[in-house]
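final_18.csv follows (CSV, C-alpha atoms):
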chain,number,residue,atom,x,y,z
A,22,MET,CA,-23.8,39.5,24.6
A,23,LEU,CA,-27.0,37.5,24.0
A,24,ARG,CA,-26.3,34.2,22.2
A,25,PRO,CA,-29.4,32.0,22.1
A,26,THR,CA,-29.0,28.2,21.6
A,27,GLY,CA,-31.8,28.3,19.0
A,28,TRP,CA,-34.8,30.3,17.8
A,29,TRP,CA,-38.4,29.1,18.0
A,30,LEU,CA,-41.4,30.7,16.4
A,31,ALA,CA,-44.8,30.4,18.0
A,32,ARG,CA,-47.2,29.9,15.1
A,33,GLU,CA,-50.3,31.5,16.7
A,34,PRO,CA,-50.4,35.3,17.1
A,35,VAL,CA,-50.6,36.7,20.6
A,36,ASP,CA,-51.6,40.0,22.2
A,37,LEU,CA,-48.2,41.8,22.4
A,38,ARG,CA,-49.3,44.0,25.2
A,39,CYS,CA,-48.3,41.1,27.5
A,40,GLY,CA,-45.0,41.2,29.2
A,41,VAL,CA,-42.3,38.8,30.3
A,42,ASP,CA,-44.4,36.8,32.8
A,43,ARG,CA,-47.2,36.0,30.3
A,44,LEU,CA,-44.8,35.1,27.5
A,45,TRP,CA,-42.9,32.9,29.9
A,46,ARG,CA,-46.1,31.0,30.7
A,47,LEU,CA,-47.1,30.8,27.0
A,48,THR,CA,-43.6,29.4,26.2
A,49,GLN,CA,-44.2,26.6,28.8
A,50,ALA,CA,-47.9,25.9,28.1
A,51,SER,CA,-48.3,26.5,24.3
A,52,LEU,CA,-44.8,25.6,23.1
A,53,GLY,CA,-43.9,23.0,25.7
A,54,ARG,CA,-40.5,24.5,26.2
A,55,ASP,CA,-38.7,25.8,29.2
A,56,PRO,CA,-37.6,29.4,28.6
A,57,VAL,CA,-34.5,28.8,30.8
A,58,ASP,CA,-33.1,26.4,28.2
A,59,GLY,CA,-31.2,29.3,26.5
A,60,GLY,CA,-33.5,29.5,23.4
A,61,ALA,CA,-35.1,32.6,22.0
A,62,TYR,CA,-38.9,32.4,21.6
A,63,ILE,CA,-40.5,34.6,19.0
A,64,TYR,CA,-44.1,35.8,19.1
A,65,ARG,CA,-46.0,38.0,16.7
A,66,ASN,CA,-49.1,40.1,16.7
A,67,ARG,CA,-52.2,39.3,14.6
A,68,ALA,CA,-51.3,41.8,11.8
A,69,GLY,CA,-47.8,40.3,11.5
A,70,THR,CA,-46.1,43.8,11.8
A,71,ARG,CA,-44.6,43.4,15.3
A,72,ILE,CA,-42.8,40.6,17.1
A,73,LYS,CA,-41.5,40.1,20.6
A,74,VAL,CA,-38.5,37.9,21.4
A,75,LEU,CA,-38.2,36.3,24.9
A,76,CYS,CA,-34.8,35.0,25.9
A,77,VAL,CA,-33.4,34.0,29.3
A,78,ASP,CA,-29.7,33.9,30.1
A,79,ALA,CA,-27.6,33.6,33.3
A,80,HIS,CA,-28.1,37.2,34.2
A,81,GLY,CA,-31.8,37.7,33.6
A,82,VAL,CA,-34.6,37.9,31.0
A,83,TRP,CA,-34.4,39.7,27.7
A,84,LEU,CA,-37.5,40.9,26.0
A,85,ALA,CA,-37.0,42.6,22.6
A,86,VAL,CA,-39.6,44.2,20.4
A,87,ARG,CA,-39.3,44.7,16.6
A,88,ARG,CA,-41.7,46.5,14.3
A,89,LEU,CA,-41.7,46.7,10.6
A,90,HIS,CA,-42.6,50.1,9.1
A,91,ASP,CA,-43.5,48.5,5.8
A,92,GLY,CA,-44.7,45.0,5.1
A,93,ARG,CA,-45.2,42.0,7.4
A,94,PHE,CA,-43.0,39.4,9.1
A,95,HIS,CA,-43.2,36.1,7.2
A,96,TRP,CA,-44.6,33.4,9.3
A,97,PRO,CA,-45.3,29.7,8.9
A,98,ARG,CA,-48.9,28.9,7.8
A,99,ASP,CA,-49.3,25.2,8.5
A,100,GLY,CA,-47.7,22.5,10.5
A,101,ASP,CA,-46.4,22.4,14.0
A,102,ALA,CA,-47.3,24.9,16.7
A,103,VAL,CA,-43.6,25.9,17.0
A,104,TRP,CA,-41.0,26.2,14.3
A,105,SER,CA,-37.2,26.1,14.8
A,106,LEU,CA,-34.9,28.6,12.9
A,107,ASP,CA,-31.2,28.7,12.4
A,108,ALA,CA,-29.2,31.9,12.9
A,109,THR,CA,-29.4,32.9,9.2
A,110,GLN,CA,-33.1,32.4,9.0
A,111,PHE,CA,-33.5,34.5,12.1
A,112,GLU,CA,-31.6,37.3,10.5
A,113,TRP,CA,-33.8,37.1,7.4
A,114,LEU,CA,-36.9,37.2,9.6
A,115,MET,CA,-35.7,40.3,11.5
A,116,ARG,CA,-35.2,42.1,8.2
A,117,GLY,CA,-38.7,41.2,6.9
A,118,ILE,CA,-37.4,38.8,4.3
A,119,ASP,CA,-39.3,35.6,3.5
A,120,TRP,CA,-36.9,33.2,5.3
A,121,GLN,CA,-38.9,30.1,4.2
A,122,ARG,CA,-38.3,31.0,0.5
A,123,MET,CA,-34.6,31.9,1.1
A,124,SER,CA,-34.1,28.6,3.0
A,125,ARG,CA,-35.6,26.6,0.2
A,126,THR,CA,-33.4,28.4,-2.4
A,127,LYS,CA,-30.3,27.8,-0.2
A,128,THR,CA,-31.2,24.1,0.2
A,129,LEU,CA,-31.9,23.6,-3.5
A,130,ALA,CA,-28.7,25.4,-4.5
A,131,GLY,CA,-26.7,23.3,-2.1
A,132,THR,CA,-28.0,20.0,-3.6
A,133,MET,CA,-27.1,20.7,-7.2

When written as structure tokens, how does the structure in this file appear?
Amino acid sequence: MLRPTGWWLAREPVDLRCGVDRLWRLTQASLGRDPVDGGAYIYRNRAGTRIKVLCVDAHGVWLAVRRLHDGRFHWPRDGDAVWSLDATQFEWLMRGIDWQRMSRTKTLAGTM
């Protein structure tokens, strides 16, 4: 079973026709991360309707593709080149839910 140590979003869109090798190089060059560290690296297309997730474990490389039939994936607009997500935020992202808004609500509710 795949169990990444963390999830990182690449803020800039990429051409999703690329495969494992190119995403591996992008993870190293653009994000400054080593794909072998156990993390999952998430890239999106320009339209925001498709994503690819790159993850390396002890047995090989995982490359998963997800496409929304309706709507777009919610992505950060400003800030760092890479964003870190927790497991719950990743689940919201995969479902097409605005994980930033849900996280803010969860944080605000937890402080009251």

All residues 7 Å or closer to Leu114 in chain A, all atoms listed in the file, same chain fewer than 5 positions away omitted, as a ChimeraX atom specification: /A:94-95,119-120

Which residue gives the smallest distance to Arg116 in chain A among A:Arg24, A:Arg67, A:His80, A:Arg93, with all atoms listed in the file counted?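 Answer, going by the shortest atom-to-atom distance: A:Arg93.
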
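With distances taken over all atoms listed in the file, A:Pro25 is the one residue among A:Gly53, A:Gly81, A:Pro25, A:Pro34 lying closest to Leu106 in chain A.
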
Closest to Val82 in chain A among A:Trp104, A:Tyr62, A:Phe111, A:Trp28, using all atoms listed in the file? A:Tyr62

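Taking CA of Thr26 in chain A and CA of Gly60 in chain A as endpoints, the distance between them is 5.0 Å.
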
Anything within 12 Å of (-42.3, 42.3, 8.2): list those residues as an MDAnalysis selection string, counting only C-alpha atoms and sticking to the file's coordinates. chainID A and resid 65:66 68:72 87:96 113:120

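Here CA of Asp58 in chain A is placed at a distance of 28.6 Å from CA of Arg122 in chain A.
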
Long-range neighbours of Gly27 in chain A as a list in words, 12 Å cut-off, only C-alpha atoms, 6 positions minimum in chain: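 The neighbour list is Arg54, Pro56, Asp58, Gly59, Gly60, Ala61, Tyr62, Ile63, Val74, Leu75, Cys76, Val77, Trp104, Ser105, Leu106, Asp107, Ala108, Thr109, Gln110 and Phe111 of chain A.
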
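Atom pair CA of Glu33 in chain A / CA of Tyr64 in chain A: separated by 7.9 Å.
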
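Considering only C-alpha atoms, the residue among A:Leu23, A:Pro97, A:Leu37, A:Leu30 positioned nearest to Ser51 in chain A is A:Leu30.
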
Shortest interatomic distance to Leu52 in chain A - which of A:Arg38, A:Arg98, A:Lys73, A:Arg32, counting all atoms listed in the file: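 The closest residue to Leu52 in chain A is A:Arg32.
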
Pick from A:Ala79, A:Asp36, A:Val41, A:Gln121 nearest to Val57 in chain A, counting only C-alpha atoms: A:Ala79
